[in-house]
Amino acid sequence: MRFSWDLLEPVMPVPYVPTLGPARRDDPLRDLFEAVVENAGTGRFLPWDKDQRWFDTKTERVIADAIEHGHGLTLIPTLAERAGGMVKVHVYGTAADSLSAGADLSRKLAAVHGARTARIVWFLGPEQPDTYAHGVGTRVQLKKFADGPGEAPHVPVVEYKQLDEPERFAEFAAPMADDGFAFLYEQMRAGAVGPVLTVLHDGQVAGAIGPMETMGDAAGRARLLPQYFGVRPEYRGVGYGRALWRAAMHWGHRHGAAYQLLQTEVGGASDRLCAAEGLMSLGFVNQKDV
């Protein structure tokens, strides 16, 4: 499908591409939108798709024949085939009934495809108040490494493989499973991911961030990929999260990353940290089941 950029760009407050996620305004956005439609249903990853580091095939696709594209409103539905199936309709629109139109389409397509979940995704620009996104949204954050790596961590941060007892990471990963660290630890033991940075407290792994990896984007620039990031509750409030974050930014700078894009829960600890560290907000991505 060919998108009319004169129709889509004015109703896209956040540069966000279905099945790929957030992008930068100076990325070839029209080409990316058309690429995800052309790739739909092939099971292949586009070269710049960050999800390829976790899976063998692409399991979320654009439902190309259900796209609605017109003046003031574009609806792009996707189908994820895991966990019973999920239809998400990405709503790019400014009309008062944009979200209801997206919800109607999502419910319809969920029934057609036998998906367990129907959801809408909509976007707000960075100038919107945070309160509009609390509870339903993430903030898209941008770190530019041309501005330098930022301040150095104030406490030692070491790679997992440099720990005296690397198996101690399991004692951190188990209680942090809801933050993705049990899954990450499986990947680490299989040697399938890049370095993971840790901070210790009395010899115990108190927090971690990783894997540290870069990937080329559609414009040929290296980007630092998002990481799992967390500190055990009993060690929070003493600056370990900030130390890990700064160590990760120094790693990205040393390894030639041009930037990092990530999404943080609005009002959460990572969101506040990114704001304090000077990251640029590109806007909000909101989701809810319908």
# chains A, B, ... in the order shown; residues from 1 in each chain; ligands from 1
call {"tool": "select_by_dssp", "arguments": {"residues": "stretch 96-241 of chain A", "states": "alpha helix (DSSP H)", "output": "PyMOL selection string"}}
result
chain A and resi 98-113+169-173+181-189+240-241
call {"tool": "residues_around", "arguments": {"residues": "A:Val89", "least_positions_apart": "6", "cutoff": "6 Å", "atoms": "only C-alpha atoms", "output": "list of chain:residue names"}}
result
A:Ile76, A:Pro77, A:Gly102, A:Ser106, A:Ile120
call {"tool": "write_last_selection", "arguments": {"atoms": "N, CA and C atoms", "output": "tab-separated table (two decimals), in the first residue's frame"}}
result
chain	number	residue	atom	x	y	z
A	76	ILE	N	-4.47	1.77	11.30
A	76	ILE	CA	-3.60	0.68	10.84
A	76	ILE	C	-3.68	-0.45	11.86
A	77	PRO	N	-4.37	-1.55	11.53
A	77	PRO	CA	-4.49	-2.66	12.46
A	77	PRO	C	-3.34	-3.66	12.31
A	102	GLY	N	-11.49	3.59	15.91
A	102	GLY	CA	-10.46	2.58	16.09
A	102	GLY	C	-10.92	1.42	16.94
A	106	SER	N	-11.14	-2.49	15.87
A	106	SER	CA	-10.38	-3.48	16.62
A	106	SER	C	-11.26	-4.64	17.06
A	120	ILE	N	-6.69	-0.59	21.25
A	120	ILE	CA	-6.38	0.58	20.43
A	120	ILE	C	-5.10	1.22	20.95
call {"tool": "select_by_dssp", "arguments": {"residues": "stretch 182-243 of chain A", "states": "strand (DSSP E)", "output": "ChimeraX atom specification"}}
result
/A:197-201,204-210,214-216,222-224,228-231
call {"tool": "write_last_selection", "arguments": {"atoms": "C-alpha atoms", "output": "PDB file, in the first residue's frame"}}
result
ATOM      1  CA  LEU A 197      25.850  -4.404  33.405  1.00  0.00           C
ATOM      2  CA  THR A 198      25.403  -4.906  37.150  1.00  0.00           C
ATOM      3  CA  VAL A 199      25.791  -3.002  40.402  1.00  0.00           C
ATOM      4  CA  LEU A 200      26.588  -4.835  43.643  1.00  0.00           C
ATOM      5  CA  HIS A 201      25.609  -4.298  47.275  1.00  0.00           C
ATOM      6  CA  GLN A 204      24.870  -9.261  45.944  1.00  0.00           C
ATOM      7  CA  VAL A 205      23.547  -8.156  42.542  1.00  0.00           C
ATOM      8  CA  ALA A 206      21.372  -5.186  43.477  1.00  0.00           C
ATOM      9  CA  GLY A 207      20.495  -4.011  39.964  1.00  0.00           C
ATOM     10  CA  ALA A 208      21.177  -4.618  36.296  1.00  0.00           C
ATOM     11  CA  ILE A 209      20.721  -3.150  32.833  1.00  0.00           C
ATOM     12  CA  GLY A 210      21.105  -4.971  29.549  1.00  0.00           C
ATOM     13  CA  THR A 214      23.521  -1.715  18.936  1.00  0.00           C
ATOM     14  CA  MET A 215      21.733  -2.126  15.606  1.00  0.00           C
ATOM     15  CA  GLY A 216      21.666  -0.116  12.421  1.00  0.00           C
ATOM     16  CA  ALA A 222      23.778   2.870  14.865  1.00  0.00           C
ATOM     17  CA  ARG A 223      21.240   2.965  17.674  1.00  0.00           C
ATOM     18  CA  LEU A 224      21.569   1.633  21.185  1.00  0.00           C
ATOM     19  CA  TYR A 228      15.887  -4.557  30.642  1.00  0.00           C
ATOM     20  CA  PHE A 229      16.536  -2.261  33.569  1.00  0.00           C
ATOM     21  CA  GLY A 230      15.797  -2.677  37.261  1.00  0.00           C
ATOM     22  CA  VAL A 231      16.942  -2.505  40.878  1.00  0.00           C
TER      23      VAL A 231
END
call {"tool": "closest_residue", "arguments": {"among": "A:Asp147, A:Glu81, A:Asp49, A:Glu265", "to": "A:Ala115", "atoms": "only C-alpha atoms"}}
result
A:Glu81
call {"tool": "residues_around", "arguments": {"residues": "stretch 251-256 of chain A", "least_positions_apart": "5", "cutoff": "12 Å", "atoms": "only C-alpha atoms", "output": "ChimeraX atom specification"}}
result
/A:143-153,157-159,194-197,209-216,221-227,244-246
call {"tool": "write_last_selection", "arguments": {"atoms": "N, CA, C and O atoms", "output": "compact mmCIF listing (two decimals), in the first residue's frame"}}
result
# COMPACT_ATOMS: atom_id res chain seq x y z
N LYS A 143 17.72 9.80 23.53
CA LYS A 143 19.06 10.18 23.98
C LYS A 143 19.95 10.33 22.75
O LYS A 143 20.09 9.39 21.96
N LYS A 144 20.55 11.51 22.57
CA LYS A 144 21.46 11.75 21.46
C LYS A 144 22.89 11.66 21.96
O LYS A 144 23.28 12.41 22.86
N PHE A 145 23.68 10.78 21.38
CA PHE A 145 25.04 10.62 21.85
C PHE A 145 25.99 11.67 21.27
O PHE A 145 27.12 11.79 21.73
N ALA A 146 25.51 12.44 20.30
CA ALA A 146 26.32 13.55 19.82
C ALA A 146 26.53 14.58 20.93
O ALA A 146 27.50 15.34 20.92
N ASP A 147 25.63 14.56 21.92
CA ASP A 147 25.76 15.46 23.06
C ASP A 147 26.71 14.92 24.11
O ASP A 147 26.92 15.56 25.16
N GLY A 148 27.31 13.74 23.86
CA GLY A 148 28.20 13.11 24.82
C GLY A 148 27.47 12.06 25.65
O GLY A 148 26.25 11.98 25.62
N PRO A 149 28.21 11.27 26.43
CA PRO A 149 27.59 10.20 27.20
C PRO A 149 26.91 10.66 28.47
O PRO A 149 26.15 9.91 29.09
N GLY A 150 27.19 11.86 28.90
CA GLY A 150 26.68 12.33 30.17
C GLY A 150 27.64 12.02 31.31
O GLY A 150 28.77 11.58 31.10
N GLU A 151 27.17 12.23 32.53
CA GLU A 151 28.03 12.02 33.69
C GLU A 151 28.34 10.54 33.89
O GLU A 151 27.57 9.67 33.52
N ALA A 152 29.49 10.28 34.52
CA ALA A 152 29.89 8.91 34.81
C ALA A 152 29.15 8.40 36.05
O ALA A 152 28.72 9.19 36.90
N PRO A 153 28.98 7.08 36.17
CA PRO A 153 28.33 6.54 37.37
C PRO A 153 29.16 6.83 38.61
O PRO A 153 30.40 6.85 38.56
N VAL A 157 30.23 -0.12 38.40
CA VAL A 157 29.31 -0.93 37.60
C VAL A 157 30.16 -1.90 36.79
O VAL A 157 31.13 -1.47 36.14
N VAL A 158 29.84 -3.19 36.85
CA VAL A 158 30.65 -4.20 36.18
C VAL A 158 29.76 -5.08 35.31
O VAL A 158 28.57 -5.24 35.58
N GLU A 159 30.38 -5.67 34.28
CA GLU A 159 29.65 -6.61 33.44
C GLU A 159 29.42 -7.92 34.18
O GLU A 159 30.23 -8.34 35.01
N GLY A 194 24.09 -9.58 24.24
CA GLY A 194 25.26 -8.80 24.56
C GLY A 194 25.47 -8.63 26.04
O GLY A 194 24.74 -9.22 26.87
N PRO A 195 26.43 -7.82 26.43
CA PRO A 195 26.78 -7.66 27.84
C PRO A 195 25.62 -7.13 28.68
O PRO A 195 24.76 -6.38 28.20
N VAL A 196 25.61 -7.55 29.94
CA VAL A 196 24.66 -7.05 30.93
C VAL A 196 25.47 -6.39 32.04
O VAL A 196 26.42 -6.99 32.57
N LEU A 197 25.13 -5.15 32.39
CA LEU A 197 25.85 -4.40 33.40
C LEU A 197 25.16 -4.56 34.76
O LEU A 197 23.93 -4.58 34.84
N ILE A 209 21.25 -3.73 34.07
CA ILE A 209 20.72 -3.15 32.83
C ILE A 209 21.37 -3.87 31.67
O ILE A 209 22.57 -4.11 31.66
N GLY A 210 20.57 -4.27 30.70
CA GLY A 210 21.11 -4.97 29.55
C GLY A 210 20.01 -5.73 28.81
O GLY A 210 18.86 -5.72 29.23
N PRO A 211 20.35 -6.37 27.71
CA PRO A 211 21.69 -6.47 27.15
C PRO A 211 22.11 -5.19 26.43
O PRO A 211 21.27 -4.45 25.92
N MET A 212 23.41 -4.96 26.39
CA MET A 212 23.96 -3.80 25.71
C MET A 212 24.26 -4.20 24.27
O MET A 212 25.17 -4.99 24.01
N GLU A 213 23.47 -3.67 23.36
CA GLU A 213 23.61 -4.02 21.95
C GLU A 213 23.25 -2.81 21.08
O GLU A 213 22.41 -1.99 21.46
N THR A 214 23.87 -2.73 19.92
CA THR A 214 23.52 -1.72 18.94
C THR A 214 23.03 -2.38 17.67
O THR A 214 23.31 -3.55 17.40
N MET A 215 22.26 -1.63 16.88
CA MET A 215 21.73 -2.13 15.61
C MET A 215 21.60 -0.95 14.66
O MET A 215 21.24 0.17 15.09
N GLY A 216 21.84 -1.17 13.41
CA GLY A 216 21.67 -0.12 12.42
C GLY A 216 20.20 0.19 12.19
O GLY A 216 19.35 -0.72 12.22
N ARG A 221 22.23 4.64 10.65
CA ARG A 221 22.88 5.04 11.90
C ARG A 221 22.80 3.92 12.92
O ARG A 221 21.84 3.14 12.94
N ALA A 222 23.80 3.86 13.78
CA ALA A 222 23.78 2.87 14.87
C ALA A 222 22.94 3.41 16.02
O ALA A 222 23.10 4.55 16.44
N ARG A 223 22.05 2.58 16.51
CA ARG A 223 21.24 2.97 17.67
C ARG A 223 21.49 1.98 18.80
O ARG A 223 21.71 0.77 18.58
N LEU A 224 21.49 2.48 20.00
CA LEU A 224 21.57 1.63 21.18
C LEU A 224 20.17 1.09 21.45
O LEU A 224 19.22 1.86 21.59
N LEU A 225 20.05 -0.23 21.52
CA LEU A 225 18.73 -0.83 21.68
C LEU A 225 18.25 -0.72 23.12
O LEU A 225 19.04 -0.63 24.05
N PRO A 226 16.91 -0.73 23.33
CA PRO A 226 16.38 -0.69 24.69
C PRO A 226 16.85 -1.89 25.50
O PRO A 226 17.13 -2.96 24.95
N GLN A 227 16.92 -1.71 26.81
CA GLN A 227 17.41 -2.76 27.69
C GLN A 227 16.38 -3.10 28.77
O GLN A 227 15.49 -2.31 29.07
N LEU A 244 23.57 2.70 37.01
CA LEU A 244 23.42 1.75 35.90
C LEU A 244 23.09 2.48 34.60
O LEU A 244 23.66 2.17 33.54
N TRP A 245 22.17 3.42 34.68
CA TRP A 245 21.79 4.17 33.48
C TRP A 245 22.99 4.90 32.89
O TRP A 245 23.24 4.84 31.68
N ARG A 246 23.75 5.57 33.73
CA ARG A 246 24.90 6.31 33.23
C ARG A 246 25.96 5.38 32.65
O ARG A 246 26.58 5.70 31.63
call {"tool": "closest_atom_pairs", "arguments": {"of": "stretch 140-212 of chain A", "to": "stretch 3-16 of chain A", "cutoff": "12 Å", "atoms": "only C-alpha atoms", "output": "Markdown table"}}
result
| residue | atom | partner | partner_atom | distance |
| --- | --- | --- | --- | --- |
| A:Val140 | CA | A:Val14 | CA | 8.2 |
| A:Gln141 | CA | A:Val14 | CA | 10.9 |
| A:Leu142 | CA | A:Pro15 | CA | 11.7 |
call {"tool": "write_last_selection", "arguments": {"atoms": "N, CA, C and O atoms", "output": "PDB file, in the first residue's frame"}}
result
ATOM      1  N   VAL A 140       7.871   8.380  24.911  1.00  0.00           N
ATOM      2  CA  VAL A 140       8.975   8.058  24.009  1.00  0.00           C
ATOM      3  C   VAL A 140      10.123   9.007  24.326  1.00  0.00           C
ATOM      4  O   VAL A 140       9.963  10.232  24.257  1.00  0.00           O
ATOM      5  N   GLN A 141      11.276   8.435  24.680  1.00  0.00           N
ATOM      6  CA  GLN A 141      12.435   9.212  25.112  1.00  0.00           C
ATOM      7  C   GLN A 141      13.570   9.060  24.094  1.00  0.00           C
ATOM      8  O   GLN A 141      13.780   7.986  23.544  1.00  0.00           O
ATOM      9  N   LEU A 142      14.289  10.143  23.875  1.00  0.00           N
ATOM     10  CA  LEU A 142      15.405  10.145  22.936  1.00  0.00           C
ATOM     11  C   LEU A 142      16.679  10.613  23.624  1.00  0.00           C
ATOM     12  O   LEU A 142      16.705  11.689  24.234  1.00  0.00           O
TER      13      LEU A 142
END
call {"tool": "residues_around", "arguments": {"residues": "stretch 32-48 of chain A", "least_positions_apart": "5", "cutoff": "10 Å", "atoms": "only C-alpha atoms", "output": "NGL selection string"}}
result
:A and (1-3 or 16-20 or 23 or 27 or 55-65 or 67 or 76 or 78-79 or 215-220 or 223)
call {"tool": "closest_residue", "arguments": {"among": "A:Gln260, A:Arg168, A:Tyr160, A:Ala66", "to": "A:Met188", "atoms": "only C-alpha atoms"}}
result
A:Tyr160
call {"tool": "closest_residue", "arguments": {"among": "A:Gly21, A:Pro166, A:Gly237, A:Pro28", "to": "A:Gly203", "atoms": "only C-alpha atoms"}}
result
A:Pro166
call {"tool": "closest_residue", "arguments": {"among": "A:Gln263, A:Gln128, A:Gln52, A:Ser100", "to": "A:Leu75", "atoms": "only C-alpha atoms"}}
result
A:Ser100
call {"tool": "residues_around", "arguments": {"residues": "A:Asp104", "least_positions_apart": "6", "cutoff": "12 Å", "atoms": "only C-alpha atoms", "output": "tab-separated table (two decimals) with C-alpha atoms, in the first residue's frame"}}
result
chain	number	residue	atom	x	y	z
A	75	LEU	CA	-6.30	3.33	11.13
A	77	PRO	CA	-4.49	-2.66	12.46
A	87	VAL	CA	-5.48	-7.11	17.43
A	88	LYS	CA	-4.18	-3.57	17.87
A	89	VAL	CA	-5.54	-0.68	15.85
A	91	VAL	CA	-5.17	5.42	15.52
A	97	ASP	CA	-14.59	10.11	17.04
A	98	SER	CA	-11.12	8.81	16.07
A	110	ALA	CA	-10.54	-9.52	16.76
A	111	ALA	CA	-13.74	-11.45	16.06
A	118	ALA	CA	-8.76	-6.14	21.02
A	119	ARG	CA	-6.81	-2.95	21.71
A	120	ILE	CA	-6.38	0.58	20.43
A	289	ASP	CA	-8.23	-2.82	25.61
A	290	VAL	CA	-11.66	-2.27	24.11
call {"tool": "atom_distance", "arguments": {"atom1": "atom CA of A:Pro126", "atom2": "atom CA of A:Asp179"}}
result
26.2 Å
